[in-house]
Each structure stands twice: as structure tokens, then as C-alpha cells.
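The next block is model_38.txt, given as compact mmCIF, C-alpha atoms.
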# COMPACT_ATOMS: atom_id res chain seq x y z
CA MET A 797 110.69 122.04 134.43
CA SER A 798 113.00 121.78 131.47
CA GLU A 799 111.71 122.74 128.06
CA THR A 800 114.35 120.90 126.13
CA PRO A 801 114.37 117.28 124.99
CA LEU A 802 115.79 115.07 127.72
CA ILE A 803 119.05 113.25 127.08
CA ASP A 804 120.19 110.13 128.88
CA GLU A 805 123.94 110.30 128.36
CA GLN A 806 124.42 106.74 129.59
CA ARG A 807 122.16 105.41 126.87
CA CYS A 808 123.40 107.63 124.05
CA ALA A 809 125.50 105.64 121.59
CA GLY A 810 126.60 108.77 119.73
CA CYS A 811 125.24 107.43 116.43
CA GLY A 812 124.03 110.89 115.40
CA LEU A 813 120.73 109.77 113.87
CA CYS A 814 118.90 112.39 115.97
CA VAL A 815 121.26 115.08 114.68
CA SER A 816 120.61 114.02 111.10
CA VAL A 817 116.82 114.30 111.40
CA CYS A 818 116.66 117.54 113.43
CA HIS A 819 115.33 120.04 110.89
CA LEU A 820 116.23 122.98 113.13
CA ASN A 821 119.84 121.91 113.71
CA ALA A 822 119.32 122.08 117.46
CA LEU A 823 121.46 119.00 118.18
CA VAL A 824 125.13 118.13 117.84
CA ILE A 825 127.33 115.26 118.94
CA VAL A 826 129.98 116.32 121.44
CA SER A 827 132.41 113.70 122.72
CA LYS A 828 130.18 110.94 121.32
CA VAL A 829 127.10 112.15 123.20
CA VAL A 830 124.23 114.17 121.78
CA THR A 831 123.99 117.72 123.08
CA ILE A 832 121.38 120.42 122.60
CA VAL A 833 122.92 123.57 121.19
CA ASP A 834 119.84 125.63 120.42
CA ALA A 835 116.82 124.60 122.44
CA VAL A 836 114.98 127.82 121.66
CA GLU A 837 114.66 126.61 118.12
CA CYS A 838 113.33 123.19 119.12
CA ASP A 839 109.71 122.86 117.98
CA TRP A 840 109.18 119.52 119.75
CA CYS A 841 108.55 117.54 116.59
CA ALA A 842 109.95 114.53 118.51
CA ASP A 843 111.63 113.09 115.42
CA CYS A 844 114.84 112.72 117.46
CA GLU A 845 112.97 110.57 119.96
CA LEU A 846 111.37 108.58 117.14
CA VAL A 847 114.64 107.63 115.45
CA CYS A 848 116.83 107.05 118.52
CA PRO A 849 117.66 103.33 118.57
CA THR A 850 118.52 103.32 122.28
CA GLY A 851 115.82 105.57 123.75
CA ALA A 852 118.43 108.07 124.89
CA ILE A 853 116.56 111.20 123.87
CA SER A 854 112.97 111.94 124.74
CA CYS A 855 110.47 114.72 124.28
CA PRO A 856 107.98 114.49 127.13
CA PHE A 857 104.73 116.43 126.96
CA GLU A 858 103.15 118.34 129.78
CA ILE A 859 99.38 117.86 129.70
CA VAL A 860 97.50 121.04 130.48
CA LEU A 861 93.80 121.68 130.76
CA VAL A 862 92.57 124.88 129.17
CA GLY A 863 89.79 126.27 131.34
CA SER A 864 88.34 124.68 134.44
CA TRP A 865 88.03 120.98 135.04
CA ARG A 866 84.56 119.49 134.65
CA SER A 867 83.42 116.06 135.90
CA HIS A 868 87.07 115.40 136.68
CA LYS A 869 89.09 112.22 136.71
CA ASP A 870 86.57 110.14 138.64
CA SER A 871 84.53 109.56 135.51
CA ALA A 872 87.50 109.25 133.17
CA MET B 816 130.13 99.93 92.79
CA ARG B 817 129.92 100.35 89.07
CA PRO B 818 133.24 101.19 87.41
CA GLY B 819 134.18 104.42 85.73
CA HIS B 820 133.38 107.10 88.29
CA PHE B 821 136.25 106.84 90.73
CA SER B 822 139.97 106.35 90.72
CA THR B 823 141.10 102.85 91.59
CA ALA B 824 142.21 103.76 95.14
CA VAL B 825 138.95 105.53 95.95
CA GLU B 826 136.97 102.75 94.33
CA GLN B 827 138.75 100.17 96.46
CA SER B 828 138.13 102.20 99.57
CA ILE B 829 134.42 102.49 98.79
CA MET B 830 134.30 98.78 97.99
CA ALA B 831 135.86 97.97 101.38
CA VAL B 832 133.29 100.09 103.17
CA GLN B 833 130.47 98.48 101.22
CA LEU B 834 131.76 94.98 101.92
CA GLU B 835 131.82 95.67 105.64
CA PHE B 836 128.37 97.22 105.44
CA LEU B 837 126.86 94.38 103.42
CA SER B 838 128.30 91.73 105.71
CA GLY B 839 126.48 93.36 108.62
CA THR B 840 123.04 93.35 107.00
CA PRO B 841 120.59 90.51 107.71
CA TYR B 842 120.25 89.88 103.97
CA PHE B 843 123.89 89.05 103.42
CA TYR B 844 124.96 87.80 106.81
CA GLY B 845 127.26 84.78 106.64
CA LEU B 846 128.44 85.20 103.05
CA ASN B 847 132.15 84.86 102.37
CA PRO B 848 134.23 87.84 101.10
CA ALA B 849 134.15 86.67 97.47
CA GLN B 850 130.37 86.38 97.52
CA LEU B 851 130.05 89.79 99.17
CA GLU B 852 132.34 91.33 96.57
CA SER B 853 130.22 89.99 93.71
CA ILE B 854 127.20 91.58 95.36
CA ALA B 855 129.02 94.85 96.07
CA ASN B 856 129.81 95.09 92.36
CA ARG B 857 126.08 95.45 91.76
CA VAL B 858 125.50 98.11 94.42
CA PHE B 859 124.78 101.69 93.42
CA GLU B 860 124.80 104.64 95.76
CA LYS B 861 121.97 107.11 96.09
CA THR B 862 121.69 110.17 98.29
CA ALA B 863 118.62 112.11 99.36
CA GLY B 864 118.09 115.31 101.29
CA ARG B 865 115.80 116.00 104.20
CA ALA B 866 112.12 115.33 103.44
CA GLU B 867 112.96 114.07 99.95
CA ILE B 868 110.68 111.33 98.68
CA ILE B 869 112.73 108.27 97.79
CA SER B 870 109.89 106.09 96.59
CA MET B 871 106.27 106.90 95.92
CA GLU B 872 103.35 104.75 96.89
CA GLY B 873 101.87 103.16 93.76
CA GLU B 874 104.97 103.50 91.65
CA GLY B 875 107.40 100.82 90.57
CA ALA B 876 110.55 100.34 92.59
CA THR B 877 113.90 101.52 91.28
CA GLY B 878 115.64 99.11 93.61
CA LEU B 879 116.04 97.51 96.97
CA TYR B 880 117.62 100.02 99.31
CA PHE B 881 119.80 99.64 102.37
CA VAL B 882 120.24 102.69 104.58
CA ALA B 883 123.98 103.39 104.88
CA SER B 884 123.55 106.57 106.93
CA GLY B 885 120.62 108.65 108.10
CA VAL B 886 117.03 107.58 108.66
CA VAL B 887 114.16 106.82 106.26
CA LYS B 888 110.50 106.92 107.17
CA VAL B 889 108.24 104.34 105.49
CA PHE B 890 104.63 105.37 105.52
CA LYS B 891 101.16 104.95 104.08
CA THR B 892 98.96 107.91 103.23
CA SER B 893 95.16 107.78 103.47
CA ALA B 894 92.83 109.33 100.90
CA ASP B 895 92.36 112.37 103.14
CA GLY B 896 96.09 112.88 103.50
CA LYS B 897 96.66 111.33 106.92
CA GLU B 898 99.99 109.65 107.27
CA GLN B 899 100.59 106.41 109.16
CA ILE B 900 104.22 105.58 109.83
CA LEU B 901 104.83 101.90 109.20
CA SER B 902 108.50 101.74 110.04
CA ILE B 903 111.59 103.77 110.75
CA VAL B 904 114.50 102.43 108.72
CA ARG B 905 117.90 102.95 110.33
CA PRO B 906 121.44 102.22 109.09
CA GLY B 907 121.88 98.58 108.07
CA GLU B 908 118.17 98.05 107.47
CA ALA B 909 116.41 97.71 104.12
CA PHE B 910 113.24 98.97 102.50
CA ASN B 911 111.49 98.71 99.13
CA ASP B 912 111.80 94.93 99.19
CA VAL B 913 108.14 94.16 98.48
CA PRO B 914 107.97 95.77 95.00
CA VAL B 915 111.45 94.50 94.18
CA PHE B 916 110.52 90.91 94.95
CA ASP B 917 106.98 90.83 93.54
CA GLY B 918 107.50 93.27 90.67
CA GLY B 919 104.37 95.24 91.55
CA PRO B 920 103.93 98.86 92.54
CA SER B 921 105.23 100.01 95.88
CA PRO B 922 102.53 99.66 98.57
CA VAL B 923 104.14 102.40 100.66
CA GLY B 924 106.03 105.65 100.37
CA ALA B 925 109.51 106.33 101.72
CA ARG B 926 110.91 109.70 102.72
CA ALA B 927 114.32 110.78 104.02
CA MET B 928 114.02 112.22 107.55
CA GLY B 929 117.37 113.96 107.12
CA PRO B 930 120.29 113.63 104.73
CA VAL B 931 120.61 109.95 103.83
CA VAL B 932 122.99 107.73 101.92
CA LEU B 933 121.51 104.57 100.46
CA TYR B 934 123.03 101.52 98.87
CA GLY B 935 120.70 100.21 96.18
CA ILE B 936 120.41 97.03 94.15
CA THR B 937 118.11 96.93 91.12
CA ARG B 938 115.39 94.29 90.89
CA ASP B 939 117.20 92.49 88.05
CA ASP B 940 120.47 92.46 89.98
CA MET B 941 118.75 91.25 93.15
CA MET B 942 117.15 88.39 91.25
CA ALA B 943 120.54 87.48 89.77
CA ILE B 944 122.08 87.57 93.25
CA LEU B 945 119.42 85.17 94.55
CA LEU B 946 120.13 82.74 91.71
CA GLU B 947 123.91 82.94 92.17
CA HIS B 948 123.86 82.85 95.96
CA PRO B 949 120.86 80.85 97.18
CA GLY B 950 122.02 81.40 100.75
CA VAL B 951 120.93 85.03 100.42
CA ALA B 952 117.33 83.82 100.13
CA ILE B 953 117.46 82.62 103.74
CA GLY B 954 118.42 86.10 104.89
CA VAL B 955 115.72 87.65 102.70
CA VAL B 956 113.06 85.29 104.05
CA ARG B 957 114.13 86.00 107.61
CA ALA B 958 114.04 89.78 107.06
CA LEU B 959 110.65 89.62 105.36
CA ALA B 960 109.24 87.41 108.11
CA GLU B 961 110.40 89.92 110.70
CA ARG B 962 108.73 92.68 108.69
CA VAL B 963 105.47 90.71 108.45
CA ARG B 964 105.51 90.12 112.20
CA HIS B 965 105.90 93.87 112.82
CA LEU B 966 103.15 94.76 110.35
CA ILE B 967 100.73 92.18 111.82
CA SER B 968 101.27 93.78 115.20
CA LEU B 969 100.54 97.19 113.68
CA VAL B 970 97.42 95.88 111.93
CA GLU B 971 96.20 94.54 115.25
CA ASP B 972 96.68 97.96 116.83
CA LEU B 973 94.99 99.82 114.01
CA SER B 974 92.12 97.40 113.44
CA PHE B 975 91.11 95.87 116.71
CA LYS B 976 92.14 98.25 119.44
CA HIS B 977 90.43 101.47 120.29
CA VAL B 978 93.73 103.17 120.77
CA ILE B 979 92.45 106.70 120.38
CA GLY B 980 90.13 106.22 123.35
CA ARG B 981 92.97 104.92 125.48
CA VAL B 982 95.18 107.83 124.51
CA ALA B 983 92.36 110.22 125.39
CA LYS B 984 91.98 108.48 128.76
CA ILE B 985 95.71 108.75 129.43
CA LEU B 986 95.60 112.48 128.71
CA LEU B 987 92.67 112.97 131.09
CA GLU B 988 94.38 110.97 133.80
CA HIS B 989 97.68 112.81 133.56
CA VAL B 990 96.56 116.38 133.30
CA GLY B 991 98.20 118.72 135.80
CA GLY B 992 95.73 119.59 138.55
CA ASP B 993 95.00 122.84 140.42
CA GLY B 994 97.39 124.85 138.30
CA GLY B 995 100.23 122.48 139.12
CA GLN B 996 102.18 120.35 136.74
CA GLY B 997 101.34 116.72 136.17
CA PRO B 998 103.87 114.14 135.11
CA ARG B 999 105.36 114.65 131.68
CA LEU B 1000 104.79 111.84 129.21
CA THR B 1001 106.63 110.92 126.05
CA GLN B 1002 104.78 109.37 123.12
CA GLN B 1003 106.70 106.18 123.86
CA GLU B 1004 105.38 106.15 127.42
CA MET B 1005 101.83 106.81 126.22
CA ALA B 1006 102.25 103.92 123.76
CA ALA B 1007 103.36 101.61 126.56
CA MET B 1008 100.38 102.66 128.68
CA ALA B 1009 97.93 102.21 125.79
CA GLY B 1010 99.46 98.89 124.77
CA THR B 1011 100.22 100.07 121.28
CA ALA B 1012 103.03 101.30 119.06
CA ARG B 1013 104.47 104.78 119.29
CA GLU B 1014 103.55 105.39 115.65
CA VAL B 1015 99.87 104.82 116.49
CA VAL B 1016 100.00 107.26 119.42
CA GLY B 1017 101.39 109.97 117.14
CA ARG B 1018 98.50 109.50 114.77
CA SER B 1019 95.95 109.40 117.62
CA LEU B 1020 97.23 112.72 118.97
CA LYS B 1021 96.95 114.28 115.52
CA THR B 1022 93.41 112.93 115.13
CA LEU B 1023 92.41 114.34 118.54
CA GLU B 1024 93.89 117.68 117.50
CA THR B 1025 91.95 117.61 114.22
CA GLN B 1026 88.78 116.89 116.21
CA GLY B 1027 89.48 119.96 118.32
CA ALA B 1028 89.80 118.06 121.61
CA ILE B 1029 93.45 118.96 122.13
CA LYS B 1030 96.07 121.29 120.76
CA LEU B 1031 99.73 120.36 120.44
CA ASP B 1032 101.69 123.38 121.63
CA ARG B 1033 105.40 122.57 121.47
CA HIS B 1034 106.11 120.58 124.64
CA ARG B 1035 102.55 120.86 125.91
CA ILE B 1036 99.35 119.05 125.05
CA LEU B 1037 96.53 121.48 125.74
CA ILE B 1038 93.17 119.91 126.45
CA THR B 1039 90.96 122.45 124.73
CA ASP B 1040 87.70 120.47 124.84
CA GLN B 1041 87.57 118.22 127.84
CA GLU B 1042 84.05 116.99 127.08
CA ALA B 1043 85.02 115.93 123.55
CA LEU B 1044 87.97 114.03 124.99
CA GLN B 1045 85.66 112.40 127.54
CA ARG B 1046 83.26 111.36 124.76
CA THR B 1047 86.14 109.79 122.86
CA VAL B 1048 86.91 107.68 125.93
CA GLU B 1049 83.29 106.63 126.34
CA ASP B 1050 82.69 105.90 122.65
CA SER B 1051 85.69 103.63 122.23

Take the structure in the file and give it back as C-alpha cells.
Amino acid sequence: MSETPLIDEQRCAGCGLCVSVCHLNALVIVSKVVTIVDAVECDWCADCELVCPTGAISCPFEIVLVGSWRSHKDSA
Amino acid sequence: MRPGHFSTAVEQSIMAVQLEFLSGTPYFYGLNPAQLESIANRVFEKTAGRAEIISMEGEGATGLYFVASGVVKVFKTSADGKEQILSIVRPGEAFNDVPVFDGGPSPVGARAMGPVVLYGITRDDMMAILLEHPGVAIGVVRALAERVRHLISLVEDLSFKHVIGRVAKILLEHVGGDGGQGPRLTQQEMAAMAGTAREVVGRSLKTLETQGAIKLDRHRILITDQEALQRTVEDS
């Protein structure tokens, strides 16, 4: 599973708003499409996802249980 | 642009850019070039760096601002320091209109999310523009109505819906089982599932983290206290 923000190149308008808000400079625009240049630095603040006007970049979370499951999903 | 700072050629170039920009904003849509030019003559430029506060909640407004480039976050801060995002202002959109039009203190704060360039119009100049070009008032009313509609929707989410319980339920339902990975969810997807705005999901996750039920660990949401999360579902 990828640990970088996901980019939908078809949706990306190349506006660069995500690049402007990335405080770790992990994003650049290449050929009018956003590209991740330094994913190691990405701290998953999700600001890029927040400001994207077309929904082209997303920061999905994996949901992990610490410890063993009790009373499970049936009661949720 | 106020005279005196640029050579004529540069000034004209900036004016042309501003005219094109202004004509594309909802406030000034439909005005003719002469009207736009008279407005552009009153525009001042302001820049701000990442995380810089542009306007403080409770203070008077220095002007109505249009975002020319970059993104501005408009937010409200609670007494205990929690931040609720009210809107994300992108290029072409305006903020600070409430204190400019009613003359009171700003009800919200505004912060640059990255480097931003703003075009500003002082309160006095904006009032003069409205008197000289009554057609602008239609654009202003339309923009304010749109803002009110958005804020009413947010009030509904924050006041009447037990969003935090729904977010907790979503987390419990999407946890990876038996050591495997469950589906990954964005905050936007969680918002759609909970029937709320993304801004409210962000705050709910932070509240759950403060309560010790979860821990945000980069791209993972760790459920550190399943029973607390379960109680949040049941109590809401």
C-alpha cells in the first residue's frame, strides 16, 4: 500500500495550490500535473487535499486497531 | 494600483492583470472596462507568508481581500484553543467582507496556508465603489448570500448533528481486521459517510485524539482505546 498522497492526474488542473500550502515542499508541478518529489518528508497534514479545488490529490488514512479487538463490529 | 511605486510600463502591466482578475470575481462580474479600471485604481496589493495571520478575530478589518494567488484559511478559535475551519479561500474568492461592510470587528481569523498574494480594497474605498457602481452591490449580495448558505450548513453540522459519534462509528467499521488492511479513507470520504463537511471531520478526529480514543500517526489512524470510541458512538 502506498504511503504517499494519491494523485489523480486526470483531475489535476495544475493550479499549484497544493504546492503552495505544502510546508515540507514535497510537491511540485511537472508538465501541469502535481508530482510528489519527497514523500519521505510528507507528514500527512492533508492540507493539499483540503485546498485542491478538483479533488485530484488525497491523503487516505489506514485505520488500525492497537491491541486486540473487543466486542467487535457487531455492536458498533 | 496606487501611483508612485512602479514605472508606467510595469504599472500598466499590473493594472491589466488586476483588471482581468477583478472581472472574474463574483463581486465585479459584468462591469465594463472603465468601471473595472476605476475599481482597480483603488486596489492595493498585500503579500503574506506561510502561516502568517492576515486578520485577527476581534480586530477591525484593514480591507476587503481577494486572493490573487495561494490559499487562505478562515477560522474561528474556541476559548480552549480549538480551531474550526469555516472556509478555504482560493484564488478569485474574497474574505473579510463582514467587518468591511458592517464596520465591526472581524468575527473570524484568517491565515495564509502558504505564500499568498492578496488584492485589497479599504472599507472607505469599497463604500465609495458601491455608491459609484450600484451594480457591484448585486455581486456583493450574491456572494454574501452564498457565504450565509455555506455557514448555515456548517451551523447545522456543528449544532444538530452528532458528527463525532458518526466519525467514531466509521472508524470502528473500517478498521483492518485480523492483521490485514482495511480500506483507506480520506477525510472527504469520511465526511460524505457522516453526512457532514470535511472541516467538521478534521475537528472530530482531533477531538477523538484529545480524548485518547485514537492517535493520528501520519497516514494511519490508530485506535488506541476501542472502548472509549465505542462509548462515543453510544453516547451520541

Which of B:Gly873, B:Gly924, B:Pro906, B:Gly950 sits closest to Pro849 (chain A) [using all atoms listed in the file]: B:Pro906

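Across A:Gly851, A:Pro856, A:Pro801, A:Gly810, the tightest approach to chain B is made by A:Pro856 when counting all atoms listed in the file.
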
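Here CA of Asp834 (chain A) and CA of Thr800 (chain A) stand 9.2 Å from one another.
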
Work out how far apart CA of Ile825 (chain A) and CA of Gly812 (chain A) are and give it in Å to one decimal. 6.5 Å

Using only C-alpha atoms, find which residues of chain B lie within 7 Å of chain A and jot them down as a PyMOL selection string. chain B and resi 885-886+903+928-930+984+986-991+997-1001+1033-1039+1045

Listed atoms of region 864-870 of chain B boxed along x, y and z, 8 Å each side, centre and edge lengths in Å, one decimal, as lines of an AutoDock Vina configuration file:
center_x = 114.0
center_y = 111.0
center_z = 100.4
size_x = 24.2
size_y = 25.9
size_z = 23.6

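CA of Gln833 (chain B) to CA of Thr937 (chain B) spans 16.0 Å [interatomic distance, one decimal].
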
Minimum-distance residue to Ile853 (chain A), chosen among B:Ile979, B:Gln1041, B:Gln1002, B:Ser853 (using only C-alpha atoms): B:Gln1002

Val829 (chain A) environment, 7 Å, only C-alpha atoms, sequence neighbours closer than 2 positions dropped, as number ranges by chain: A: 805, 808-810, 825-827, 831

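Minimum atom-to-atom distance to Met830 (chain B), evaluated using all atoms listed in the file, belongs to B:Phe859 out of B:Phe890, B:Tyr842, B:Phe910, B:Phe859.
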
With a cut-off of 12 Å, could you pull out the residues of region 839-934 of chain B touching region 969-972 of chain B and give me the nearest pair of atoms for each, distance in Å to one decimal, using only C-alpha atoms, ordered by chain and ascending number, as a Markdown table?
| residue | atom | partner | partner_atom | distance |
| --- | --- | --- | --- | --- |
| B:Gln899 | CA | B:Leu969 | CA | 10.3 |
| B:Ile900 | CA | B:Leu969 | CA | 9.9 |
| B:Leu901 | CA | B:Leu969 | CA | 7.8 |
| B:Ser902 | CA | B:Leu969 | CA | 9.9 |

Ranking A:Arg807, A:Asn821, A:Leu802, A:Thr850 by minimum distance to Arg865 (chain B) and counting all atoms listed in the file, which one comes first? A:Asn821

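Counting only C-alpha atoms and comparing B:Ser1051, B:Thr862, B:Ser968, B:Gln1026, the residue that lies closest to Glu1014 (chain B) is B:Ser968.
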
Around the point (124.4, 123.1, 117.7) in the file's coordinates, collect all residues with an atom within 6 Å, using all atoms listed in the file, and return them as JSON, numbers by chain. {"A": [822, 823, 824, 833, 834]}
